[in-house]
Amino acid sequence: MTETKAPIVSMRGITKAYGGVQALKGVDLDIYLGEVHALVGDNAAGKSSLIKTLAGAVRPDAGTITFEGREVRIEDPRDAKALGIETVYQDLALADNLDVPANVFLGREITRRPPFGWFLDNRAMEERARGLLARLKINIPNVRLKVRAMSGGQRQSIAIARCVCFNARVIILDEPTAALGVQETGKVYALIREMRDQGCGVLLISHNLNHVFENCDRITVMKTGSLVGSRRVEETTQDEVVKMIVSGTADPPRAAGRPQPLAQPG
Amino acid sequence: MRASAASPHGGLTAKVDHTLFVVVSRLVAIIAIVTVLAIASPHFLTWGNLVNVSRQASLQFLIASGLTIVVLTGGIDLAIGAILGLAACLSASLIVQGHVFWGIVSALASGLACGTVSGTLITYGRIPAFIATYGMLWIAHGLGYVFMEGEVIYGLPDAFRFIGAGFVGPVPVPVIVAVALLVALHVMLHRTVLGRAIYAIGGNPAAARLSGMPVRRRLIAVYALSGMLAGFAALVAIARVNAADSSLGEDLLLPAIAAVCLGGTSLFGGVGGIAGTAIGSLILALVVNGMNLLGVETFWQNGVMGAIILASVLADQLGGSRLIGKR
Ligand SMILES: Nc1ncnc2c1ncn2[C@@H]1O[C@H](COP(=O)(O)OP(=O)(O)O)[C@@H](O)[C@H]1O
Ligand SMILES: [Mg+2]
């Protein structure tokens with residue numbers, strides 16, 4: 001079904017060095033609407049660096065990003081958000097000293113009408129945050145509490161809710177369940193599947209291959225800053241993916257009759 | 001760290017504990033100081049002395065208010081005293097010549113300019129706030145010194161002196177000014193986009209930046225506001241003492257930091273508020289007044305001030321639960 005669709009995001013030849021460390025050595029990646037795309041690989045493979053270039057948190061040294069067929073420049077987080085690319089960062093980019101509505105609307109506060117545009121509409125933000133949490137079935141009884149006081153799962157849910165709130169087209173999640181218990185992890189994946197079903201493109205970094213195979217449609221493997229290979233889940237096995245992660249090399253996709261090469265620009 | 005792993009209910013009690021601790025400990029401090037001074041000095045509970053204390057506390061609050069906002073972002077502004085001194089000299093020289101309006105404008109504008117320069121150095125120049133504002137301290141101090149050439153200006157017109165030395169009914173005008181500023185800044189911090197940015201930047205600068213907030217613009221606004229408030233405090237100060245010279249702001253930084261710390265605002269940023277600084281200023285004014293009444297020598301007073309800063313920060317670290325530390 002998605003095979004014939006054009007990707008919403010195409011990253012080509014993304015290169016990034018931090019001082020002497022070559023974190024990304026010309027990586028290609030495609031994201032399709034209605035798909036969960038998993039990015040896997042050892043520590044320091046460059047996964048976080050890659051998604052940060054898409055999120056506008058890091059500027060690549062070279063490479064191009066195409067969004068809906070147009071080449072775009074993403075120079076800071078606001079550029080990415082303007083395109084509908086929302087990111088849940090690995091280290092939970094929440095302000096612990098603020099409450100739930102303040103975090104959901106961080107940087108995009110609802111304000112009163114001009115000439116009072118500098119004033120916050122705290123009530124509107126609280127109502128919308130409550131509605132959003134209810135819609136996503138996130139259980140936070142008192143949204144006025146500072147998020148510092150909340151559990152890891154609640155905090156991660158807030159970070160995800162923040163993405164959903166602004167009509168995201170593409171949602172990026174960097175190890176969203178790394179710090180969570182079993183039940184909380186299940187809830188986060190339910191949220192991810194729901195966003196996929198609503199037509200979003202999801203890019204997910206995870207170390208847990210069981211979760212990846214249960215929840216994702218496509219898997220891309222990276223090692224030491226380079227792309228190893230990309231597979232649809234039904235065309236591969238955990239064994240093959242583990243081999244790709246460890247060896248850094250891939251056999252040609254072996255799926256019967258339906259190879260799925262990734263790098264096919266245009 | 002620990003708090004984030006706690007249950008939501010644990011979090012609730014922890015939050016209440018912290019706020020309670022700050023409020024209760026300050027109330028206890030005020031009651032204790034007042035009781036001790038009332039017993040130790042027959043002059044303390046006289047009307048004249050209480051007016052004096054309230055005026056001193058108000059002026060202290062005006063000086064510490066801009067610093068509070070800077071500290072809430074996780075920054076520091078060491079230049080407030082020097083900016084106050086410079087603004088005082090510029091405006092006093094205009095006001096004694098009869099240009100009251102331009103004197104007021106020059107105080108606010110010079111403070112705004114100094115603060116904007118500090119903020120720009122910190123954000124676009126990537127200089128740590130500590131260094132940038134320390135440099136600004138000496139620049140502002142030097143400018144004031146050159147401008148005054150060692151002279152002292154005194155004898156300001158009565159109409160202008162009203163904001164520092166006047167009364168409305170029984171209430172000293174600086175008290176009214178301080179209360180108005182307290183309300184305005186409280187609204188700014190909790191009801192405006194800038195205030196939200198101040199707490200977000202202080203709580204988690206990376207989150208603020210990644211959320212798309214214009215962090216650098218907001219920080220420049222904060223340092224500019226801090227400078228302008230120092231200029232505003234200069235007006236009330238010269239109206240009060242009826243004079244200005246280039247050394248006016250020299251001893252004001254340490255008490256301002258003490259007032260902010262006493263008010264429970266975390267030097268790490270993100271925690272606290274302007275009302276705390278009002279309470280901190282009152283405590284400080286009581287302590288200084290008490291030391292004067294009891295004849296404590298001036299050179300001890302700075303030592304006491306330093307001890308107060310350390311004691312209040314330490315008390316909040318230990319007593320205010322884990323919540324005052326960062327993330
Ligand atoms: N801000 C940074 N400064 C310096 N080196 C960095 C920075 N971010 C990442 N790196 C380096 O880049 C490489 C890739 O890191 P990262 O993208 O975080 O990998 P992953 O998320 O796959 O574990 C690592 O060697 C890491 O040390
Ligand atoms: Mg990572």
# chains A, B, ... in the order shown; residues from 1 in each chain; ligands from 1
call {"tool": "residues_around", "arguments": {"residues": "stretch 98-115 of chain A", "least_positions_apart": "5", "cutoff": "6 Å", "atoms": "only C-alpha atoms", "output": "list of chain:residue names"}}
result
A:Leu120, A:Asp121, A:Met125, A:Glu126, A:Ala129, A:Val143, A:Arg144, A:Leu145, A:Lys146, A:Val147, A:Arg162, B:Ser211, B:Gly212, B:Met213
call {"tool": "residues_around", "arguments": {"residues": "A:Leu92", "least_positions_apart": "6", "cutoff": "8 Å", "atoms": "only C-alpha atoms", "output": "NGL selection string"}}
result
:A and (155-156 or 159)
call {"tool": "closest_atom_pairs", "arguments": {"of": "chain A", "to": "ligand 1", "cutoff": "10 Å", "atoms": "only C-alpha atoms and all ligand atoms", "output": "Markdown table"}}
result
| residue | atom | partner | partner_atom_place_in_ligand_line | distance |
| --- | --- | --- | --- | --- |
| A:Lys16 | CA | ligand 1 | 12 (O) | 8.5 |
| A:Ala17 | CA | ligand 1 | 12 (O) | 7.5 |
| A:Tyr18 | CA | ligand 1 | 4 (C) | 4.7 |
| A:Gly19 | CA | ligand 1 | 4 (C) | 6.8 |
| A:Gly20 | CA | ligand 1 | 5 (N) | 8.4 |
| A:Val21 | CA | ligand 1 | 12 (O) | 6.1 |
| A:Gln22 | CA | ligand 1 | 12 (O) | 6.7 |
| A:Ala23 | CA | ligand 1 | 12 (O) | 4.2 |
| A:Leu24 | CA | ligand 1 | 14 (C) | 7.3 |
| A:Leu39 | CA | ligand 1 | 22 (O) | 8.9 |
| A:Val40 | CA | ligand 1 | 22 (O) | 7.8 |
| A:Gly41 | CA | ligand 1 | 22 (O) | 6.3 |
| A:Asp42 | CA | ligand 1 | 22 (O) | 6.2 |
| A:Asn43 | CA | ligand 1 | 23 (O) | 3.7 |
| A:Ala44 | CA | ligand 1 | 19 (O) | 3.4 |
| A:Ala45 | CA | ligand 1 | 22 (O) | 3.8 |
| A:Gly46 | CA | ligand 1 | 17 (O) | 3.3 |
| A:Lys47 | CA | ligand 1 | 22 (O) | 3.7 |
| A:Ser48 | CA | ligand 1 | 21 (O) | 3.6 |
| A:Ser49 | CA | ligand 1 | 17 (O) | 3.6 |
| A:Leu50 | CA | ligand 1 | 17 (O) | 6.4 |
| A:Ile51 | CA | ligand 1 | 17 (O) | 8.2 |
| A:Lys52 | CA | ligand 1 | 17 (O) | 8.3 |
| A:Val58 | CA | ligand 1 | 1 (N) | 8.6 |
| A:Gln90 | CA | ligand 1 | 21 (O) | 8.8 |
| A:Asp174 | CA | ligand 1 | 21 (O) | 8.0 |
| A:Glu175 | CA | ligand 1 | 21 (O) | 8.9 |
| A:Ile205 | CA | ligand 1 | 21 (O) | 8.2 |
| A:Ser206 | CA | ligand 1 | 21 (O) | 9.7 |
| A:His207 | CA | ligand 1 | 22 (O) | 9.9 |
| A:Met222 | CA | ligand 1 | 22 (O) | 7.7 |
| A:Lys223 | CA | ligand 1 | 22 (O) | 7.9 |
| A:Thr224 | CA | ligand 1 | 14 (C) | 7.3 |
| A:Gly225 | CA | ligand 1 | 14 (C) | 6.8 |
call {"tool": "residues_around", "arguments": {"residues": "stretch 141-146 of chain B", "least_positions_apart": "6", "cutoff": "10 Å", "atoms": "only C-alpha atoms", "output": "CSV table (one decimal) with all heavy atoms, in the first residue's frame"}}
result
chain,number,residue,atom,x,y,z
B,79,ALA,N,25.7,44.0,37.7
B,79,ALA,CA,25.9,45.4,37.4
B,79,ALA,C,24.8,46.3,38.0
B,79,ALA,O,24.9,47.6,37.8
B,79,ALA,CB,26.0,45.6,35.9
B,81,GLY,N,24.0,47.6,40.8
B,81,GLY,CA,24.4,48.7,41.7
B,81,GLY,C,25.1,49.8,40.9
B,81,GLY,O,24.8,51.0,41.0
B,82,ALA,N,26.0,49.4,40.0
B,82,ALA,CA,26.7,50.4,39.2
B,82,ALA,C,25.8,51.1,38.2
B,82,ALA,O,26.0,52.3,38.0
B,82,ALA,CB,27.9,49.7,38.5
B,83,ILE,N,24.9,50.4,37.7
B,83,ILE,CA,23.9,51.0,36.8
B,83,ILE,C,23.1,52.0,37.5
B,83,ILE,O,22.8,53.1,37.1
B,83,ILE,CB,23.0,50.0,36.1
B,83,ILE,CG1,23.8,49.1,35.1
B,83,ILE,CG2,21.9,50.6,35.3
B,83,ILE,CD1,23.1,47.9,34.5
B,84,LEU,N,22.7,51.6,38.7
B,84,LEU,CA,21.9,52.6,39.6
B,84,LEU,C,22.7,53.8,39.8
B,84,LEU,O,22.2,54.9,39.7
B,84,LEU,CB,21.6,51.9,40.9
B,84,LEU,CG,20.6,52.6,41.8
B,84,LEU,CD1,19.8,51.6,42.7
B,84,LEU,CD2,21.3,53.6,42.7
B,85,GLY,N,24.0,53.7,40.1
B,85,GLY,CA,24.9,54.8,40.4
B,85,GLY,C,25.0,55.7,39.2
B,85,GLY,O,24.8,57.0,39.3
B,86,LEU,N,25.2,55.1,38.0
B,86,LEU,CA,25.3,55.9,36.8
B,86,LEU,C,24.0,56.6,36.5
B,86,LEU,O,24.0,57.9,36.2
B,86,LEU,CB,25.7,55.0,35.6
B,86,LEU,CG,25.7,55.6,34.2
B,86,LEU,CD1,26.8,56.7,34.1
B,86,LEU,CD2,25.9,54.6,33.1
B,87,ALA,N,22.9,55.9,36.6
B,87,ALA,CA,21.6,56.5,36.3
B,87,ALA,C,21.3,57.7,37.2
B,87,ALA,O,20.8,58.7,36.9
B,87,ALA,CB,20.5,55.5,36.3
B,88,ALA,N,21.7,57.5,38.5
B,88,ALA,CA,21.5,58.5,39.5
B,88,ALA,C,22.3,59.8,39.1
B,88,ALA,O,21.7,60.9,39.2
B,88,ALA,CB,21.9,58.0,40.9
B,89,CYS,N,23.5,59.6,38.7
B,89,CYS,CA,24.3,60.8,38.4
B,89,CYS,C,23.8,61.5,37.2
B,89,CYS,O,23.6,62.8,37.2
B,89,CYS,CB,25.8,60.4,38.1
B,89,CYS,SG,26.6,59.7,39.5
B,90,LEU,N,23.5,60.8,36.1
B,90,LEU,CA,22.9,61.4,34.9
B,90,LEU,C,21.7,62.2,35.2
B,90,LEU,O,21.5,63.4,34.9
B,90,LEU,CB,22.7,60.4,33.8
B,90,LEU,CG,23.9,59.6,33.3
B,90,LEU,CD1,23.5,58.6,32.2
B,90,LEU,CD2,24.9,60.6,32.6
B,135,GLY,N,31.8,42.9,33.8
B,135,GLY,CA,32.4,43.9,32.9
B,135,GLY,C,31.5,45.2,32.9
B,135,GLY,O,32.0,46.3,33.0
B,245,ASP,N,26.2,61.0,44.0
B,245,ASP,CA,27.6,61.0,43.5
B,245,ASP,C,27.9,59.7,42.9
B,245,ASP,O,27.1,58.7,43.0
B,245,ASP,CB,28.5,61.4,44.6
B,245,ASP,CG,28.7,60.3,45.6
B,245,ASP,OD1,28.1,59.3,45.5
B,245,ASP,OD2,29.5,60.5,46.6
B,246,SER,N,29.1,59.6,42.4
B,246,SER,CA,29.4,58.4,41.6
B,246,SER,C,29.5,57.1,42.4
B,246,SER,O,29.6,56.0,41.9
B,246,SER,CB,30.7,58.6,40.7
B,246,SER,OG,31.7,58.9,41.6
B,247,SER,N,29.6,57.3,43.7
B,247,SER,CA,29.8,56.1,44.6
B,247,SER,C,28.4,55.5,45.1
B,247,SER,O,28.4,54.6,45.8
B,247,SER,CB,30.7,56.4,45.8
B,247,SER,OG,30.0,57.3,46.7
B,248,LEU,N,27.3,56.2,44.6
B,248,LEU,CA,26.0,55.8,45.2
B,248,LEU,C,25.7,54.4,45.1
B,248,LEU,O,25.1,53.8,46.1
B,248,LEU,CB,24.9,56.7,44.5
B,248,LEU,CG,23.5,56.6,45.1
B,248,LEU,CD1,23.5,57.3,46.4
B,248,LEU,CD2,22.5,57.2,44.1
B,249,GLY,N,26.0,53.7,44.0
B,249,GLY,CA,25.6,52.3,43.8
B,249,GLY,C,26.6,51.2,44.4
B,249,GLY,O,26.3,50.0,44.2
B,250,GLU,N,27.7,51.7,45.0
B,250,GLU,CA,28.8,50.8,45.2
B,250,GLU,C,28.4,49.6,46.2
B,250,GLU,O,28.8,48.5,46.0
B,250,GLU,CB,30.0,51.5,45.8
B,250,GLU,CG,30.9,51.9,44.7
B,250,GLU,CD,32.0,52.9,45.2
B,250,GLU,OE1,32.2,53.0,46.4
B,250,GLU,OE2,32.7,53.5,44.4
call {"tool": "residues_around", "arguments": {"residues": "B:Ala180", "least_positions_apart": "5", "cutoff": "12 Å", "atoms": "only C-alpha atoms", "output": "JSON, numbers by chain"}}
result
{"B": [58, 61, 62, 173, 174, 175, 185, 186, 187, 275, 278]}
call {"tool": "write_last_selection", "arguments": {"atoms": "N, CA and C atoms", "output": "PDB file, in the first residue's frame"}}
result
ATOM      1  N   SER B  58      11.276  49.150  51.012  1.00  0.00           N
ATOM      2  CA  SER B  58      10.751  49.445  49.678  1.00  0.00           C
ATOM      3  C   SER B  58      11.875  49.732  48.700  1.00  0.00           C
ATOM      4  N   PHE B  61      13.623  46.634  47.852  1.00  0.00           N
ATOM      5  CA  PHE B  61      12.851  45.835  46.901  1.00  0.00           C
ATOM      6  C   PHE B  61      13.023  46.361  45.488  1.00  0.00           C
ATOM      7  N   LEU B  62      12.978  47.689  45.318  1.00  0.00           N
ATOM      8  CA  LEU B  62      13.146  48.264  43.981  1.00  0.00           C
ATOM      9  C   LEU B  62      14.489  47.840  43.392  1.00  0.00           C
ATOM     10  N   VAL B 173       5.685  57.423  50.192  1.00  0.00           N
ATOM     11  CA  VAL B 173       5.493  57.195  48.763  1.00  0.00           C
ATOM     12  C   VAL B 173       6.300  55.993  48.236  1.00  0.00           C
ATOM     13  N   PRO B 174       7.568  55.802  48.659  1.00  0.00           N
ATOM     14  CA  PRO B 174       8.299  54.634  48.150  1.00  0.00           C
ATOM     15  C   PRO B 174       7.582  53.309  48.426  1.00  0.00           C
ATOM     16  N   VAL B 175       6.837  53.240  49.524  1.00  0.00           N
ATOM     17  CA  VAL B 175       6.097  52.010  49.818  1.00  0.00           C
ATOM     18  C   VAL B 175       5.022  51.781  48.754  1.00  0.00           C
ATOM     19  N   LEU B 185       5.063  43.402  38.370  1.00  0.00           N
ATOM     20  CA  LEU B 185       6.026  42.349  38.025  1.00  0.00           C
ATOM     21  C   LEU B 185       5.433  40.959  38.270  1.00  0.00           C
ATOM     22  N   HIS B 186       4.588  40.848  39.303  1.00  0.00           N
ATOM     23  CA  HIS B 186       3.941  39.560  39.553  1.00  0.00           C
ATOM     24  C   HIS B 186       3.048  39.181  38.368  1.00  0.00           C
ATOM     25  N   VAL B 187       2.287  40.146  37.870  1.00  0.00           N
ATOM     26  CA  VAL B 187       1.443  39.902  36.698  1.00  0.00           C
ATOM     27  C   VAL B 187       2.318  39.555  35.494  1.00  0.00           C
ATOM     28  N   ALA B 275       7.260  38.070  44.789  1.00  0.00           N
ATOM     29  CA  ALA B 275       6.699  38.299  46.124  1.00  0.00           C
ATOM     30  C   ALA B 275       7.715  37.888  47.190  1.00  0.00           C
ATOM     31  N   ALA B 278      10.054  40.625  47.875  1.00  0.00           N
ATOM     32  CA  ALA B 278       9.467  41.674  48.719  1.00  0.00           C
ATOM     33  C   ALA B 278       9.623  41.285  50.188  1.00  0.00           C
TER      34      ALA B 278
END
call {"tool": "interface_residues", "arguments": {"of": "chain A", "to": "chain B", "cutoff": "7 Å", "atoms": "only C-alpha atoms", "output": "PyMOL selection string"}}
result
chain A and resi 57+77-78+93-97+106-107+118-120+148-152
call {"tool": "write_last_selection", "arguments": {"atoms": "all heavy atoms", "output": "short mmCIF file (atom, residue, chain, number, x, y, z; two decimals), in the first residue's frame"}}
result
data_model
loop_
_atom_site.label_atom_id
_atom_site.label_comp_id
_atom_site.auth_asym_id
_atom_site.auth_seq_id
_atom_site.Cartn_x
_atom_site.Cartn_y
_atom_site.Cartn_z
N ALA A 57 17.33 20.89 15.71
CA ALA A 57 18.13 21.09 16.91
C ALA A 57 19.61 21.12 16.58
O ALA A 57 20.42 21.64 17.35
CB ALA A 57 17.84 20.01 17.95
N PRO A 77 14.50 24.86 15.59
CA PRO A 77 13.31 24.06 15.89
C PRO A 77 12.02 24.68 15.35
O PRO A 77 11.09 23.96 15.02
CB PRO A 77 13.29 24.03 17.43
CG PRO A 77 14.72 24.18 17.82
CD PRO A 77 15.32 25.10 16.80
N ARG A 78 11.99 26.00 15.24
CA ARG A 78 10.76 26.61 14.74
C ARG A 78 10.49 26.29 13.28
O ARG A 78 9.35 26.16 12.87
CB ARG A 78 10.80 28.12 14.95
CG ARG A 78 10.15 28.50 16.26
CD ARG A 78 10.13 29.99 16.42
NE ARG A 78 11.48 30.48 16.66
CZ ARG A 78 11.77 31.77 16.80
NH1 ARG A 78 10.82 32.67 16.70
NH2 ARG A 78 13.01 32.13 17.04
N ALA A 93 12.36 16.89 26.89
CA ALA A 93 12.54 18.34 26.93
C ALA A 93 11.34 19.03 27.57
O ALA A 93 10.62 19.79 26.94
CB ALA A 93 12.79 18.88 25.52
N LEU A 94 11.11 18.74 28.85
CA LEU A 94 10.05 19.42 29.60
C LEU A 94 10.70 20.40 30.58
O LEU A 94 11.81 20.17 31.03
CB LEU A 94 9.22 18.42 30.39
CG LEU A 94 8.46 17.36 29.61
CD1 LEU A 94 7.74 16.43 30.57
CD2 LEU A 94 7.47 17.98 28.64
N ALA A 95 9.98 21.47 30.89
CA ALA A 95 10.42 22.37 31.96
C ALA A 95 9.78 21.86 33.25
O ALA A 95 8.59 22.02 33.46
CB ALA A 95 10.01 23.80 31.66
N ASP A 96 10.60 21.24 34.11
CA ASP A 96 10.10 20.58 35.32
C ASP A 96 9.38 21.53 36.27
O ASP A 96 8.57 21.10 37.08
CB ASP A 96 11.28 19.98 36.09
CG ASP A 96 11.73 18.70 35.46
OD1 ASP A 96 11.01 18.20 34.59
OD2 ASP A 96 12.80 18.20 35.85
N ASN A 97 9.74 22.81 36.20
CA ASN A 97 9.19 23.77 37.16
C ASN A 97 7.87 24.35 36.70
O ASN A 97 7.33 25.23 37.35
CB ASN A 97 10.21 24.90 37.39
CG ASN A 97 10.58 25.59 36.09
OD1 ASN A 97 10.50 24.99 35.02
ND2 ASN A 97 10.98 26.83 36.17
N LEU A 106 4.41 25.10 25.55
CA LEU A 106 5.70 25.78 25.66
C LEU A 106 6.14 26.33 24.30
O LEU A 106 6.22 25.59 23.32
CB LEU A 106 6.75 24.79 26.17
CG LEU A 106 7.98 25.38 26.85
CD1 LEU A 106 7.60 26.11 28.11
CD2 LEU A 106 8.98 24.27 27.16
N GLY A 107 6.44 27.61 24.25
CA GLY A 107 6.90 28.23 23.01
C GLY A 107 5.77 28.55 22.04
O GLY A 107 6.00 29.18 21.02
N TRP A 118 0.32 40.14 24.54
CA TRP A 118 1.42 39.71 25.39
C TRP A 118 0.93 38.90 26.58
O TRP A 118 1.71 38.29 27.29
CB TRP A 118 2.19 40.93 25.89
CG TRP A 118 3.31 41.28 24.98
CD1 TRP A 118 3.24 42.11 23.89
CD2 TRP A 118 4.63 40.78 25.02
NE1 TRP A 118 4.45 42.15 23.27
CE2 TRP A 118 5.34 41.35 23.95
CE3 TRP A 118 5.31 39.89 25.88
CZ2 TRP A 118 6.67 41.07 23.70
CZ3 TRP A 118 6.64 39.62 25.63
CH2 TRP A 118 7.30 40.21 24.54
N PHE A 119 -0.40 38.92 26.80
CA PHE A 119 -0.93 38.24 27.98
C PHE A 119 -1.34 36.82 27.66
O PHE A 119 -1.91 36.55 26.60
CB PHE A 119 -2.12 39.02 28.55
CG PHE A 119 -1.69 40.26 29.28
CD1 PHE A 119 -1.48 41.44 28.60
CD2 PHE A 119 -1.45 40.21 30.64
CE1 PHE A 119 -1.05 42.58 29.26
CE2 PHE A 119 -1.03 41.34 31.32
CZ PHE A 119 -0.83 42.52 30.63
N LEU A 120 -1.03 35.90 28.58
CA LEU A 120 -1.36 34.50 28.38
C LEU A 120 -2.84 34.27 28.63
O LEU A 120 -3.44 34.92 29.49
CB LEU A 120 -0.57 33.64 29.37
CG LEU A 120 0.94 33.72 29.28
CD1 LEU A 120 1.56 33.02 30.49
CD2 LEU A 120 1.42 33.08 28.00
N ARG A 148 7.55 18.11 37.39
CA ARG A 148 8.60 17.48 38.20
C ARG A 148 8.01 16.40 39.11
O ARG A 148 8.66 15.41 39.41
CB ARG A 148 9.26 18.56 39.06
CG ARG A 148 10.28 18.07 40.04
CD ARG A 148 10.78 19.22 40.88
NE ARG A 148 11.77 19.98 40.15
CZ ARG A 148 11.80 21.31 40.10
NH1 ARG A 148 10.89 22.02 40.71
NH2 ARG A 148 12.74 21.92 39.44
N ALA A 149 6.78 16.63 39.54
CA ALA A 149 6.15 15.73 40.51
C ALA A 149 5.55 14.49 39.85
O ALA A 149 4.92 13.70 40.52
CB ALA A 149 5.09 16.49 41.29
N MET A 150 5.73 14.31 38.54
CA MET A 150 5.01 13.23 37.86
C MET A 150 5.91 12.05 37.52
O MET A 150 7.12 12.16 37.48
CB MET A 150 4.36 13.79 36.60
CG MET A 150 3.36 14.85 36.99
SD MET A 150 2.40 15.45 35.65
CE MET A 150 1.42 16.65 36.56
N SER A 151 5.24 10.92 37.24
CA SER A 151 5.99 9.70 36.93
C SER A 151 6.58 9.79 35.54
O SER A 151 6.17 10.61 34.71
CB SER A 151 5.05 8.50 37.01
OG SER A 151 4.20 8.50 35.88
N GLY A 152 7.54 8.91 35.27
CA GLY A 152 8.19 8.89 33.96
C GLY A 152 7.18 8.72 32.83
O GLY A 152 7.26 9.39 31.80
#
call {"tool": "decode", "arguments": {"residues": "stretch 181-201 of chain B", "atoms": "N, CA and C atoms", "output": "compact mmCIF listing (two decimals), in the first residue's frame"}}
result
# COMPACT_ATOMS: atom_id res chain seq x y z
N LEU B 181 4.94 48.25 41.88
CA LEU B 181 5.90 47.51 41.07
C LEU B 181 5.78 46.00 41.35
N LEU B 182 5.55 45.66 42.61
CA LEU B 182 5.38 44.25 42.97
C LEU B 182 4.21 43.64 42.20
N VAL B 183 3.08 44.35 42.19
CA VAL B 183 1.90 43.83 41.47
C VAL B 183 2.21 43.71 39.98
N ALA B 184 2.81 44.76 39.41
CA ALA B 184 3.08 44.75 37.97
C ALA B 184 4.01 43.60 37.59
N LEU B 185 5.06 43.40 38.37
CA LEU B 185 6.03 42.35 38.02
C LEU B 185 5.43 40.96 38.27
N HIS B 186 4.59 40.85 39.30
CA HIS B 186 3.94 39.56 39.55
C HIS B 186 3.05 39.18 38.37
N VAL B 187 2.29 40.15 37.87
CA VAL B 187 1.44 39.90 36.70
C VAL B 187 2.32 39.55 35.49
N MET B 188 3.40 40.30 35.31
CA MET B 188 4.29 40.03 34.19
C MET B 188 4.81 38.59 34.25
N LEU B 189 5.22 38.16 35.45
CA LEU B 189 5.83 36.83 35.57
C LEU B 189 4.83 35.71 35.35
N HIS B 190 3.57 35.91 35.78
CA HIS B 190 2.63 34.79 35.76
C HIS B 190 1.56 34.89 34.70
N ARG B 191 1.46 36.03 34.03
CA ARG B 191 0.36 36.19 33.07
C ARG B 191 0.82 36.60 31.68
N THR B 192 2.13 36.72 31.45
CA THR B 192 2.54 37.16 30.11
C THR B 192 3.50 36.16 29.48
N VAL B 193 3.65 36.31 28.18
CA VAL B 193 4.53 35.45 27.40
C VAL B 193 5.97 35.56 27.91
N LEU B 194 6.39 36.80 28.23
CA LEU B 194 7.75 36.99 28.73
C LEU B 194 7.95 36.24 30.05
N GLY B 195 6.96 36.35 30.95
CA GLY B 195 7.08 35.67 32.24
C GLY B 195 7.18 34.16 32.07
N ARG B 196 6.35 33.61 31.20
CA ARG B 196 6.40 32.17 30.96
C ARG B 196 7.78 31.76 30.44
N ALA B 197 8.33 32.60 29.55
CA ALA B 197 9.67 32.32 29.01
C ALA B 197 10.72 32.38 30.12
N ILE B 198 10.58 33.32 31.04
CA ILE B 198 11.55 33.47 32.13
C ILE B 198 11.61 32.18 32.95
N TYR B 199 10.44 31.66 33.34
CA TYR B 199 10.43 30.42 34.13
C TYR B 199 10.92 29.23 33.30
N ALA B 200 10.53 29.18 32.03
CA ALA B 200 10.94 28.04 31.20
C ALA B 200 12.45 28.03 31.00
N ILE B 201 13.03 29.20 30.72
CA ILE B 201 14.48 29.27 30.50
C ILE B 201 15.21 28.90 31.79
